[in-house]
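Novice: mmCIF, C-alpha atoms, file protein05.cif:
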```
data_work
loop_
_atom_site.label_atom_id
_atom_site.label_comp_id
_atom_site.auth_asym_id
_atom_site.auth_seq_id
_atom_site.Cartn_x
_atom_site.Cartn_y
_atom_site.Cartn_z
CA MET R 1 117.59 -141.97 10.74
CA ALA R 2 120.23 -139.88 12.46
CA LYS R 3 122.67 -142.66 11.95
CA GLN R 4 121.94 -142.82 8.25
CA LYS R 5 122.41 -139.07 7.77
CA LYS R 6 125.72 -139.09 9.53
CA GLN R 7 126.84 -141.93 7.34
CA SER R 8 125.78 -140.28 4.09
CA SER R 9 127.37 -136.90 4.88
CA ALA R 10 130.55 -138.60 5.73
CA THR R 11 130.67 -140.41 2.41
CA GLU R 12 129.43 -137.42 0.34
CA ALA R 13 131.97 -134.95 1.74
CA GLY R 14 134.73 -136.47 -0.22
CA THR R 15 132.95 -137.21 -3.51
CA GLU R 16 130.23 -134.53 -4.18
CA GLU R 17 130.81 -130.96 -5.34
CA VAL R 18 129.54 -127.93 -3.47
CA LYS R 19 126.23 -126.85 -5.04
CA MET R 20 125.08 -123.29 -5.51
CA GLU R 21 121.78 -122.38 -3.84
CA MET R 22 119.55 -121.54 -6.78
CA THR R 23 116.28 -120.78 -4.98
CA PRO R 24 116.88 -117.06 -4.14
CA MET R 25 118.04 -116.36 -7.67
CA ILE R 26 114.95 -117.99 -9.13
CA ASP R 27 112.81 -116.01 -6.68
CA VAL R 28 114.36 -112.72 -7.76
CA THR R 29 114.11 -113.65 -11.41
CA PHE R 30 110.42 -114.45 -11.08
CA LEU R 31 109.84 -111.20 -9.25
CA LEU R 32 111.52 -109.33 -12.10
CA LEU R 33 109.42 -111.20 -14.60
CA ILE R 34 106.21 -110.39 -12.75
CA PHE R 35 107.27 -106.74 -12.49
CA PHE R 36 107.82 -106.47 -16.25
CA LEU R 37 104.62 -108.33 -17.00
CA CYS R 38 102.66 -105.90 -14.86
CA SER R 39 104.37 -102.74 -16.00
CA ILE R 40 104.24 -103.43 -19.73
CA LYS R 41 101.78 -101.20 -21.47
CA PHE R 42 100.50 -103.03 -24.45
CA LYS R 43 100.17 -100.90 -27.51
CA VAL R 44 96.75 -99.32 -27.24
CA LEU R 45 94.80 -99.57 -30.41
CA GLU R 46 93.47 -96.14 -31.14
CA GLY R 47 90.89 -94.99 -33.56
CA LYS R 48 91.61 -92.72 -36.48
CA LEU R 49 89.88 -90.44 -38.91
CA GLN R 50 91.13 -91.09 -42.39
CA THR R 51 91.71 -87.93 -44.36
CA TYR R 52 93.32 -87.29 -47.69
CA LEU R 53 94.92 -84.04 -48.69
CA PRO R 54 94.17 -82.87 -52.23
CA LYS R 55 96.48 -84.73 -54.60
CA ASP R 56 96.91 -82.06 -57.24
CA VAL R 57 98.06 -79.02 -55.36
CA GLY R 58 99.05 -80.20 -51.92
CA VAL R 59 97.40 -77.60 -49.77
CA ASN R 60 95.25 -75.20 -51.72
CA THR R 61 96.27 -71.66 -50.94
CA THR R 62 94.05 -69.96 -53.49
CA PRO R 63 90.80 -68.38 -52.34
CA ALA R 64 87.95 -70.85 -52.03
CA GLN R 65 86.04 -71.25 -55.26
CA LYS R 66 82.37 -70.58 -55.52
CA MET R 67 80.61 -73.91 -55.59
CA LEU R 68 77.10 -74.95 -56.33
CA GLU R 69 76.45 -76.12 -52.79
CA LYS R 70 78.83 -75.02 -50.15
CA ILE R 71 78.36 -75.45 -46.46
CA ASP R 72 80.30 -73.06 -44.30
CA ILE R 73 80.95 -73.90 -40.70
CA ARG R 74 82.90 -71.64 -38.44
CA ILE R 75 84.03 -72.55 -34.96
CA ILE R 76 84.74 -69.66 -32.67
CA ARG R 77 85.96 -69.58 -29.10
CA THR R 78 84.90 -66.55 -27.18
CA GLU R 79 86.11 -65.51 -23.81
CA ASN R 80 84.12 -62.51 -22.74
CA ARG R 81 80.55 -62.95 -23.75
CA ALA R 82 77.45 -61.79 -21.95
CA LYS R 83 76.09 -64.35 -19.49
CA LYS R 84 72.75 -64.63 -21.23
CA ASP R 85 74.48 -66.08 -24.25
CA LEU R 86 75.69 -68.96 -22.15
CA GLU R 87 72.28 -70.57 -22.20
CA ASN R 88 72.28 -70.75 -25.95
CA ILE R 89 75.74 -71.91 -26.67
CA ASP R 90 77.63 -75.00 -25.62
CA VAL R 91 80.42 -74.35 -23.20
CA TYR R 92 83.60 -76.30 -23.48
CA LYS R 93 86.76 -76.06 -21.50
CA GLN R 94 90.19 -75.16 -22.66
CA TRP R 95 93.50 -75.98 -21.17
CA VAL R 96 95.61 -72.90 -20.53
CA ALA R 97 99.36 -72.62 -20.56
CA ASP R 98 99.73 -71.75 -16.91
CA GLY R 99 97.91 -74.91 -15.90
CA GLY R 100 94.34 -75.88 -15.21
CA TRP R 101 91.25 -75.45 -17.31
CA LYS R 102 89.58 -72.29 -18.35
CA GLU R 103 85.95 -72.07 -19.25
CA GLN R 104 85.30 -70.72 -22.65
CA GLN R 105 82.39 -70.73 -24.97
CA VAL R 106 82.39 -72.36 -28.30
CA GLU R 107 80.19 -70.93 -30.92
CA ILE R 108 79.41 -72.83 -34.05
CA ARG R 109 78.13 -70.89 -37.01
CA LEU R 110 76.53 -72.62 -39.96
CA GLN R 111 76.20 -70.46 -43.07
CA ASP R 112 77.08 -67.57 -40.76
CA LYS R 113 74.16 -68.20 -38.42
CA PRO R 114 74.81 -69.41 -34.88
CA VAL R 115 73.87 -72.98 -34.09
CA LYS R 116 72.75 -73.80 -30.56
CA ASN R 117 74.61 -77.05 -30.17
CA LEU R 118 75.93 -80.09 -31.98
CA LYS R 119 72.53 -81.80 -32.12
CA GLU R 120 71.05 -78.85 -33.92
CA LEU R 121 74.02 -78.79 -36.27
CA LEU R 122 73.44 -82.44 -37.12
CA LEU R 123 69.75 -81.84 -37.85
CA LYS R 124 70.54 -78.87 -40.08
CA LEU R 125 73.26 -80.74 -41.95
CA LYS R 126 70.91 -83.66 -42.53
CA GLU R 127 68.43 -81.21 -44.05
CA PHE R 128 71.06 -80.20 -46.61
CA ARG R 129 71.58 -83.87 -47.36
CA LYS R 130 67.90 -84.39 -48.18
CA ASN R 131 68.26 -82.57 -51.49
CA ILE R 132 71.65 -83.95 -52.44
CA PRO R 133 72.11 -87.54 -51.30
CA ALA R 134 75.54 -88.83 -50.35
CA PRO R 135 77.47 -90.24 -53.31
CA PRO R 136 78.67 -93.85 -53.41
CA GLU R 137 81.99 -94.47 -51.72
CA GLY R 138 84.99 -93.15 -53.61
CA GLU R 139 83.03 -90.68 -55.70
CA ASP R 140 83.19 -86.94 -55.40
CA ASP R 141 80.63 -85.34 -53.15
CA GLU R 142 78.71 -82.45 -54.64
CA LEU R 143 78.21 -80.97 -51.22
CA LYS R 144 81.47 -79.42 -50.13
CA MET R 145 82.06 -78.28 -46.61
CA ASN R 146 84.34 -75.52 -45.52
CA LEU R 147 85.38 -75.76 -41.93
CA GLU R 148 86.98 -72.71 -40.46
CA ALA R 149 88.56 -72.97 -37.05
CA MET R 150 89.16 -69.54 -35.61
CA LYS R 151 91.93 -68.55 -33.27
CA GLY R 152 92.07 -70.49 -30.02
CA VAL R 153 89.89 -73.36 -31.23
CA ILE R 154 91.20 -76.63 -29.90
CA TYR R 155 91.48 -80.00 -31.61
CA GLU R 156 88.61 -81.46 -29.62
CA ASP R 157 86.17 -78.80 -30.88
CA VAL R 158 87.08 -79.58 -34.46
CA ILE R 159 86.80 -83.35 -33.96
CA LYS R 160 83.32 -82.86 -32.50
CA VAL R 161 82.20 -80.91 -35.55
CA VAL R 162 83.91 -83.31 -37.95
CA ASP R 163 82.14 -86.17 -36.19
CA VAL R 164 78.78 -84.52 -36.79
CA ALA R 165 79.70 -83.80 -40.41
CA LEU R 166 80.68 -87.42 -40.99
CA GLU R 167 77.48 -88.58 -39.36
CA ALA R 168 75.56 -86.43 -41.84
CA LYS R 169 77.65 -88.14 -44.56
CA PHE R 170 79.75 -85.15 -45.53
CA THR R 171 83.02 -86.54 -46.82
CA SER R 172 84.50 -83.56 -48.60
CA ILE R 173 85.69 -81.25 -45.86
CA THR R 174 88.12 -78.42 -46.40
CA PHE R 175 89.88 -76.79 -43.48
CA ARG R 176 90.24 -73.07 -43.80
CA GLY R 177 91.82 -70.30 -41.89
CA ILE R 178 95.37 -71.42 -41.37
CA GLU R 179 97.55 -68.92 -39.58
CA LEU R 180 100.97 -69.38 -41.09
CA ASP R 181 102.71 -66.64 -39.19
CA ALA R 182 101.19 -67.26 -35.76
CA MET Y 1 126.59 -144.03 -14.42
CA GLY Y 2 124.91 -147.33 -13.75
CA MET Y 3 121.49 -147.85 -12.23
CA LYS Y 4 121.12 -146.52 -8.71
CA SER Y 5 120.24 -148.99 -6.04
CA PRO Y 6 117.08 -148.24 -3.97
CA ARG Y 7 119.34 -147.42 -1.02
CA GLU Y 8 121.27 -144.83 -3.05
CA GLU Y 9 118.02 -143.26 -4.27
CA ILE Y 10 116.89 -142.65 -0.70
CA LEU Y 11 120.22 -141.15 0.22
CA ASN Y 12 120.53 -138.91 -2.86
CA PRO Y 13 117.03 -137.96 -4.03
CA PRO Y 14 116.91 -136.92 -7.74
CA GLU Y 15 117.11 -133.16 -8.26
CA MET Y 16 115.35 -131.09 -10.87
CA ASN Y 17 117.62 -129.43 -13.40
CA MET Y 18 116.84 -125.73 -13.02
CA THR Y 19 119.17 -124.36 -15.70
CA PRO Y 20 116.77 -124.53 -18.71
CA MET Y 21 114.01 -122.90 -16.70
CA ILE Y 22 116.23 -120.04 -15.60
CA ASP Y 23 117.39 -119.64 -19.20
CA ILE Y 24 113.81 -119.28 -20.40
CA VAL Y 25 112.89 -116.84 -17.64
CA PHE Y 26 115.89 -114.65 -18.47
CA GLN Y 27 114.98 -114.74 -22.15
CA LEU Y 28 111.46 -113.58 -21.25
CA ILE Y 29 112.83 -110.74 -19.14
CA ILE Y 30 115.08 -109.57 -21.96
CA PHE Y 31 112.16 -109.78 -24.39
CA PHE Y 32 109.89 -107.66 -22.19
CA MET Y 33 112.64 -105.12 -21.54
CA ILE Y 34 113.10 -104.59 -25.26
CA VAL Y 35 109.41 -104.60 -26.15
CA ILE Y 36 108.56 -102.10 -23.42
CA ASP Y 37 110.78 -99.51 -25.07
CA LEU Y 38 110.13 -100.17 -28.73
CA SER Y 39 106.35 -100.35 -28.83
CA GLN Y 40 105.81 -96.98 -27.19
CA LYS Y 41 108.48 -94.79 -28.69
CA ASP Y 42 106.21 -93.31 -31.35
CA LEU Y 43 103.27 -92.68 -29.08
CA GLU Y 44 103.35 -89.87 -26.55
CA ALA Y 45 101.05 -89.96 -23.57
CA LEU Y 46 98.27 -87.68 -24.79
CA VAL Y 47 94.56 -87.38 -24.18
CA LEU Y 48 92.95 -87.94 -27.54
CA PRO Y 49 89.53 -86.51 -28.31
CA ILE Y 50 86.76 -89.08 -28.47
CA SER Y 51 85.20 -89.54 -31.86
CA THR Y 52 82.09 -91.57 -32.57
CA MET Y 53 82.97 -91.85 -36.26
CA ALA Y 54 86.58 -92.97 -35.77
CA MET Y 55 87.45 -96.21 -37.48
CA GLU Y 56 89.70 -98.86 -36.05
CA ASP Y 57 93.34 -98.10 -36.55
CA GLU Y 58 95.40 -100.72 -38.33
CA PRO Y 59 98.93 -99.32 -38.09
CA GLU Y 60 100.87 -99.69 -41.30
CA GLU Y 61 104.53 -100.57 -41.09
CA GLY Y 62 106.70 -97.50 -41.51
CA ARG Y 63 103.92 -95.02 -40.86
CA LEU Y 64 105.07 -91.59 -39.71
CA TYR Y 65 103.92 -90.31 -36.35
CA VAL Y 66 103.71 -86.69 -35.28
CA ASN Y 67 102.55 -86.00 -31.73
CA ILE Y 68 101.27 -82.61 -30.67
CA ASN Y 69 100.91 -81.99 -26.97
CA ARG Y 70 98.83 -79.43 -25.10
CA LYS Y 71 101.54 -76.84 -25.25
CA GLY Y 72 101.63 -77.12 -29.03
CA GLU Y 73 104.99 -78.88 -29.17
CA TYR Y 74 105.70 -81.25 -32.03
CA ILE Y 75 107.14 -84.55 -30.86
CA MET Y 76 108.55 -87.31 -33.04
CA THR Y 77 109.98 -90.46 -31.46
CA ARG Y 78 110.32 -88.77 -28.07
CA GLU Y 79 112.06 -85.72 -29.52
CA THR Y 80 110.55 -82.25 -29.35
CA LEU Y 81 111.06 -80.49 -32.66
CA SER Y 82 110.46 -77.02 -34.02
CA LEU Y 83 108.32 -76.75 -37.14
CA ASP Y 84 111.43 -76.34 -39.33
CA ASP Y 85 113.14 -79.33 -37.76
CA LEU Y 86 109.95 -81.34 -38.12
CA GLU Y 87 109.94 -80.60 -41.84
CA LYS Y 88 113.56 -81.70 -42.16
CA GLU Y 89 112.89 -84.87 -40.18
CA LEU Y 90 109.83 -85.71 -42.25
CA LYS Y 91 111.78 -85.16 -45.46
CA VAL Y 92 114.35 -87.70 -44.30
CA ARG Y 93 111.82 -90.26 -43.11
CA VAL Y 94 109.32 -90.04 -45.95
CA ASP Y 95 111.76 -91.48 -48.49
CA LEU Y 96 113.12 -94.27 -46.31
CA PRO Y 97 112.78 -97.76 -47.81
CA ARG Y 98 109.38 -99.38 -47.39
CA PRO Y 99 108.45 -103.08 -47.12
CA GLU Y 100 108.89 -105.04 -50.32
CA GLY Y 101 106.25 -104.48 -52.96
CA LYS Y 102 105.27 -101.07 -51.64
CA ALA Y 103 106.31 -98.00 -53.57
CA ILE Y 104 107.75 -94.97 -51.78
CA ARG Y 105 106.17 -92.55 -54.24
CA ASP Y 106 103.55 -92.96 -56.94
CA LYS Y 107 103.97 -91.87 -60.55
CA ASP Y 108 102.97 -88.30 -59.70
CA GLY Y 109 105.63 -88.08 -57.00
CA LEU Y 110 103.19 -88.27 -54.11
CA ALA Y 111 104.35 -90.11 -51.02
CA GLU Y 112 102.59 -93.42 -50.43
CA ARG Y 113 103.61 -93.49 -46.79
CA PRO Y 114 100.81 -92.43 -44.45
CA ILE Y 115 101.23 -90.06 -41.54
CA LEU Y 116 99.34 -90.16 -38.26
CA ILE Y 117 98.84 -86.87 -36.48
CA ARG Y 118 98.24 -87.48 -32.80
CA ALA Y 119 97.15 -84.26 -31.21
CA ASP Y 120 96.06 -83.78 -27.65
CA GLN Y 121 92.39 -82.89 -27.36
CA ALA Y 122 93.32 -79.57 -25.76
CA SER Y 123 95.96 -78.55 -28.29
CA GLU Y 124 95.08 -75.72 -30.59
CA PHE Y 125 93.88 -76.87 -33.98
CA LYS Y 126 96.22 -74.52 -35.80
CA HIS Y 127 99.10 -76.84 -34.91
CA VAL Y 128 97.37 -79.72 -36.68
CA GLN Y 129 96.78 -77.46 -39.65
CA LYS Y 130 100.44 -76.50 -39.71
CA VAL Y 131 101.46 -80.16 -39.90
CA MET Y 132 98.92 -80.68 -42.69
CA PHE Y 133 100.39 -77.70 -44.49
CA LEU Y 134 103.87 -79.19 -44.15
CA CYS Y 135 102.65 -82.47 -45.59
CA GLY Y 136 101.50 -80.72 -48.75
CA LYS Y 137 104.80 -78.95 -49.28
CA GLU Y 138 107.15 -79.67 -52.17
CA GLY Y 139 109.56 -82.45 -51.28
CA LEU Y 140 107.17 -84.05 -48.83
CA LYS Y 141 103.86 -84.44 -50.66
CA ILE Y 142 102.30 -86.70 -48.08
CA TRP Y 143 98.61 -86.96 -48.82
CA LYS Y 144 97.53 -89.89 -46.67
CA VAL Y 145 96.92 -88.10 -43.42
CA GLU Y 146 95.32 -89.82 -40.48
CA LEU Y 147 94.03 -88.04 -37.41
CA ALA Y 148 94.19 -90.04 -34.19
CA ALA Y 149 91.09 -90.05 -32.04
CA GLY Y 150 89.85 -92.25 -29.26
CA GLN Y 151 87.01 -94.53 -30.19
CA ALA Y 152 83.74 -94.03 -28.36
CA LYS Y 153 82.82 -97.07 -26.30
CA LYS Y 154 80.21 -99.34 -27.88
CA ASP Y 155 77.85 -99.34 -24.89
CA GLU Y 156 77.90 -95.53 -24.86
CA ASP Y 157 76.70 -95.57 -28.45
CA GLU Y 158 73.92 -97.97 -27.66
CA ALA Y 159 72.74 -95.80 -24.78
CA GLN Y 160 72.13 -92.95 -27.17
CA PRO Y 161 68.80 -93.05 -28.97
#
```
Could the structure of this file be written out as structure tokens, please?
Specialist:
Amino acid sequence: MAKQKKQSSATEAGTEEVKMEMTPMIDVTFLLLIFFLCSIKFKVLEGKLQTYLPKDVGVNTTPAQKMLEKIDIRIIRTENRAKKDLENIDVYKQWVADGGWKEQQVEIRLQDKPVKNLKELLLKLKEFRKNIPAPPEGEDDELKMNLEAMKGVIYEDVIKVVDVALEAKFTSITFRGIELDA
Amino acid sequence: MGMKSPREEILNPPEMNMTPMIDIVFQLIIFFMIVIDLSQKDLEALVLPISTMAMEDEPEEGRLYVNINRKGEYIMTRETLSLDDLEKELKVRVDLPRPEGKAIRDKDGLAERPILIRADQASEFKHVQKVMFLCGKEGLKIWKVELAAGQAKKDEDEAQP
């Protein structure tokens, strides 16, 4: 065996080219590939709530018209309320600019009367629906909802209420109370 | 290049040609490097509110994205913009060419291009309203507004009575 090797190296030296060692490069390349495969964040499919702004006027800046059936919901965030109120109203948290979360209460008022929580809101909204059933898809809903988010109300609060409204099959929701100068 | 004798085969064992494999691996690396950047540039890392009524999002080509973070900053393709700059940017982007067969504006001059507002769950709602207000302005007239929300998990729904 040793004899053979000696013989072959002696003959190869003159005829064969020097070959590059490819193994380390392939190793590194595979490591890179594995790194990118692991670190890639595939586009997360998110959900969405489809909304359409009114076609005729863009955003309606005129005072809300008196309608036959109008549901008014107001979301209020209050900071300094008496402790006894805490039992009756859902408490959410709000992120504050200086970091961390700050406990605040969220009060939901339906037709200007406080609602205890989202479950109660759903029940009450469904009661409104009993008299006026939801229209077929694409048709105008007779039951209009005005949703007013007061100062400091965060996106999550609104989505929670919109969720409940959609569950009660309210499709015509108007957002009120925009603060243009704030 | 004649046939190798058995003796020659023992002395010089056949070697695998690595070049095509390395080519493919490099191509893959380049592909991932590009994809990593492109697929995420519209989406900021935000915590979206969970919605039980959210429908599945099927992103339309050329859709506009406005991100709103907790601090109430408006971000478009990684750039933080003021409300005025956002309006200017939207005005430029809303009338960009769309895929063939899709109109930019309908006969009433309303933009056919949808917009997705991605707001952090802890951002104040007034920022979302401000973007909605912008959309309705003259020159923009975007009426297809989509609000991004995380979808509630199916098993969570089933757990609820």
Novice: Can you work out the spacing between atom CA of Y:Asp42 and atom CA of Y:Ile75 in Å, to one decimal?
Specialist: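 Distance reported for this atom pair: 8.8 Å.
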Novice: Can you list, as a PyMOL selection string, every protein, DNA or RNA residue that comes within 7 Å of Y:Leu64 when you count only C-alpha atoms, leaving out same-chain residues fewer than 5 positions away?
Specialist: chain Y and resi 114-116
Novice: Need the shell around stretch 82-89 of chain Y: protein/DNA/RNA residues with any atom at most 9 Å away, counting only C-alpha atoms. Skip same-chain ones fewer than 5 positions apart. Format as a tab-separated table (two decimals) with C-alpha atoms, keeping the file's coordinate frame?
Specialist:
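Output saved as result_37.tsv:
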```tsv
chain	number	residue	atom	x	y	z
Y	66	VAL	CA	103.71	-86.69	-35.28
Y	73	GLU	CA	104.99	-78.88	-29.17
Y	74	TYR	CA	105.70	-81.25	-32.03
Y	75	ILE	CA	107.14	-84.55	-30.86
Y	76	MET	CA	108.55	-87.31	-33.04
Y	94	VAL	CA	109.32	-90.04	-45.95
Y	130	LYS	CA	100.44	-76.50	-39.71
Y	131	VAL	CA	101.46	-80.16	-39.90
Y	134	LEU	CA	103.87	-79.19	-44.15
Y	135	CYS	CA	102.65	-82.47	-45.59
Y	140	LEU	CA	107.17	-84.05	-48.83
```
Novice: Record the distance separating atom CA of R:Val106 and atom CA of R:Glu156, expressed in Å with one decimal.
Specialist: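 A separation of 11.1 Å between them.
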Novice: Using atom CA of Y:Lys141 and atom CA of Y:Gly101 as the two end points, give the distance in Å to one decimal.
Specialist: 20.3 Å
Novice: So that each row is one residue of chain Y with an atom at most 6 Å from chain R, can you give its shortest atom pair and the distance in Å to one decimal, using only C-alpha atoms, rows by chain and rising number, as a tab-separated table?
Specialist:
```
residue	atom	partner	partner_atom	distance
Y:Ile29	CA	R:Leu33	CA	5.7
Y:Ile36	CA	R:Ile40	CA	5.8
Y:Pro49	CA	R:Glu156	CA	5.3
Y:Met53	CA	R:Asp163	CA	5.7
Y:Ala54	CA	R:Lys48	CA	5.1
Y:Met55	CA	R:Gly47	CA	5.4
Y:Glu56	CA	R:Gly47	CA	4.8
Y:Asp57	CA	R:Gly47	CA	5.0
Y:Gln121	CA	R:Glu156	CA	4.6
Y:Ala122	CA	R:Ile154	CA	5.5
Y:Ser123	CA	R:Ile154	CA	5.4
Y:Glu124	CA	R:Ile154	CA	4.0
Y:Phe125	CA	R:Tyr155	CA	4.6
Y:Gly136	CA	R:Gly58	CA	4.0
Y:Trp143	CA	R:Leu53	CA	4.7
Y:Lys144	CA	R:Tyr52	CA	5.1
Y:Val145	CA	R:Thr51	CA	5.3
Y:Glu146	CA	R:Gln50	CA	4.8
Y:Leu147	CA	R:Leu49	CA	5.0
Y:Ala148	CA	R:Lys48	CA	4.4
Y:Ala149	CA	R:Gly47	CA	5.2
Y:Gly150	CA	R:Gly47	CA	5.2
Y:Gln151	CA	R:Gly47	CA	5.2
```
Novice: Which one of Y:Lys153, Y:Gln129, Y:Asp95, Y:Lys41 sits closest to R:Leu147 if you count all atoms listed in the file?
Specialist: Y:Gln129
Novice: Would you list the contacts of Y:Asn69 as a list in words, taking every protein, DNA or RNA residue within 7 Å and counting all atoms listed in the file, but skipping same-chain residues closer than 6 positions in sequence?
Specialist: Leu46, Ala119, Asp120 and Ser123 of chain Y
Novice: Could you state which residues are captured by the PyMOL selection byres ((chain Y and resi 61) around 10) in this file, as an NGL selection string?
Specialist: :Y and (58-60 or 62-64 or 98-99 or 113-114)
Novice: Some atoms are missing, so please complete stretch 31-52 of chain Y with N, CA and C atoms and return it as a JSON list (two decimals), keeping the file's coordinate frame.
Specialist:
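Final output, saved to out27.json:
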```json
[["chain", "number", "residue", "atom", "x", "y", "z"],
["Y", 31, "PHE", "N", 113.19, -110.08, -23.39],
["Y", 31, "PHE", "CA", 112.16, -109.78, -24.39],
["Y", 31, "PHE", "C", 111.27, -108.62, -23.93],
["Y", 32, "PHE", "N", 110.78, -108.71, -22.70],
["Y", 32, "PHE", "CA", 109.89, -107.66, -22.19],
["Y", 32, "PHE", "C", 110.61, -106.32, -22.08],
["Y", 33, "MET", "N", 111.88, -106.37, -21.67],
["Y", 33, "MET", "CA", 112.64, -105.12, -21.54],
["Y", 33, "MET", "C", 112.77, -104.42, -22.88],
["Y", 34, "ILE", "N", 112.94, -105.20, -23.94],
["Y", 34, "ILE", "CA", 113.10, -104.59, -25.26],
["Y", 34, "ILE", "C", 111.76, -104.09, -25.77],
["Y", 35, "VAL", "N", 110.74, -104.94, -25.63],
["Y", 35, "VAL", "CA", 109.41, -104.60, -26.15],
["Y", 35, "VAL", "C", 108.86, -103.34, -25.49],
["Y", 36, "ILE", "N", 109.05, -103.25, -24.19],
["Y", 36, "ILE", "CA", 108.56, -102.10, -23.42],
["Y", 36, "ILE", "C", 109.03, -100.80, -24.05],
["Y", 37, "ASP", "N", 110.23, -100.75, -24.51],
["Y", 37, "ASP", "CA", 110.78, -99.51, -25.07],
["Y", 37, "ASP", "C", 110.33, -99.29, -26.50],
["Y", 38, "LEU", "N", 110.36, -100.35, -27.29],
["Y", 38, "LEU", "CA", 110.13, -100.17, -28.73],
["Y", 38, "LEU", "C", 108.69, -99.85, -29.07],
["Y", 39, "SER", "N", 107.73, -100.49, -28.38],
["Y", 39, "SER", "CA", 106.35, -100.35, -28.83],
["Y", 39, "SER", "C", 105.79, -98.97, -28.53],
["Y", 40, "GLN", "N", 106.40, -98.25, -27.61],
["Y", 40, "GLN", "CA", 105.81, -96.98, -27.19],
["Y", 40, "GLN", "C", 106.56, -95.75, -27.71],
["Y", 41, "LYS", "N", 107.63, -95.95, -28.40],
["Y", 41, "LYS", "CA", 108.48, -94.79, -28.69],
["Y", 41, "LYS", "C", 107.82, -93.78, -29.64],
["Y", 42, "ASP", "N", 106.88, -94.24, -30.44],
["Y", 42, "ASP", "CA", 106.21, -93.31, -31.35],
["Y", 42, "ASP", "C", 105.03, -92.59, -30.70],
["Y", 43, "LEU", "N", 104.51, -93.19, -29.65],
["Y", 43, "LEU", "CA", 103.27, -92.68, -29.08],
["Y", 43, "LEU", "C", 103.55, -91.93, -27.77],
["Y", 44, "GLU", "N", 103.23, -90.67, -27.78],
["Y", 44, "GLU", "CA", 103.35, -89.87, -26.55],
["Y", 44, "GLU", "C", 102.10, -90.10, -25.71],
["Y", 45, "ALA", "N", 102.22, -89.84, -24.44],
["Y", 45, "ALA", "CA", 101.05, -89.96, -23.57],
["Y", 45, "ALA", "C", 100.20, -88.71, -23.74],
["Y", 46, "LEU", "N", 99.15, -88.82, -24.51],
["Y", 46, "LEU", "CA", 98.27, -87.68, -24.79],
["Y", 46, "LEU", "C", 96.83, -88.08, -24.49],
["Y", 47, "VAL", "N", 96.00, -87.10, -24.30],
["Y", 47, "VAL", "CA", 94.56, -87.38, -24.18],
["Y", 47, "VAL", "C", 93.94, -87.08, -25.54],
["Y", 48, "LEU", "N", 93.51, -88.13, -26.20],
["Y", 48, "LEU", "CA", 92.95, -87.94, -27.54],
["Y", 48, "LEU", "C", 91.47, -87.59, -27.43],
["Y", 49, "PRO", "N", 90.97, -86.78, -28.35],
["Y", 49, "PRO", "CA", 89.53, -86.51, -28.31],
["Y", 49, "PRO", "C", 88.75, -87.76, -28.71],
["Y", 50, "ILE", "N", 87.58, -87.91, -28.15],
["Y", 50, "ILE", "CA", 86.76, -89.08, -28.47],
["Y", 50, "ILE", "C", 85.93, -88.78, -29.71],
["Y", 51, "SER", "N", 85.96, -89.72, -30.63],
["Y", 51, "SER", "CA", 85.20, -89.54, -31.86],
["Y", 51, "SER", "C", 84.28, -90.74, -32.07],
["Y", 52, "THR", "N", 83.02, -90.46, -32.36],
["Y", 52, "THR", "CA", 82.09, -91.57, -32.57],
["Y", 52, "THR", "C", 82.26, -92.17, -33.96]]
```
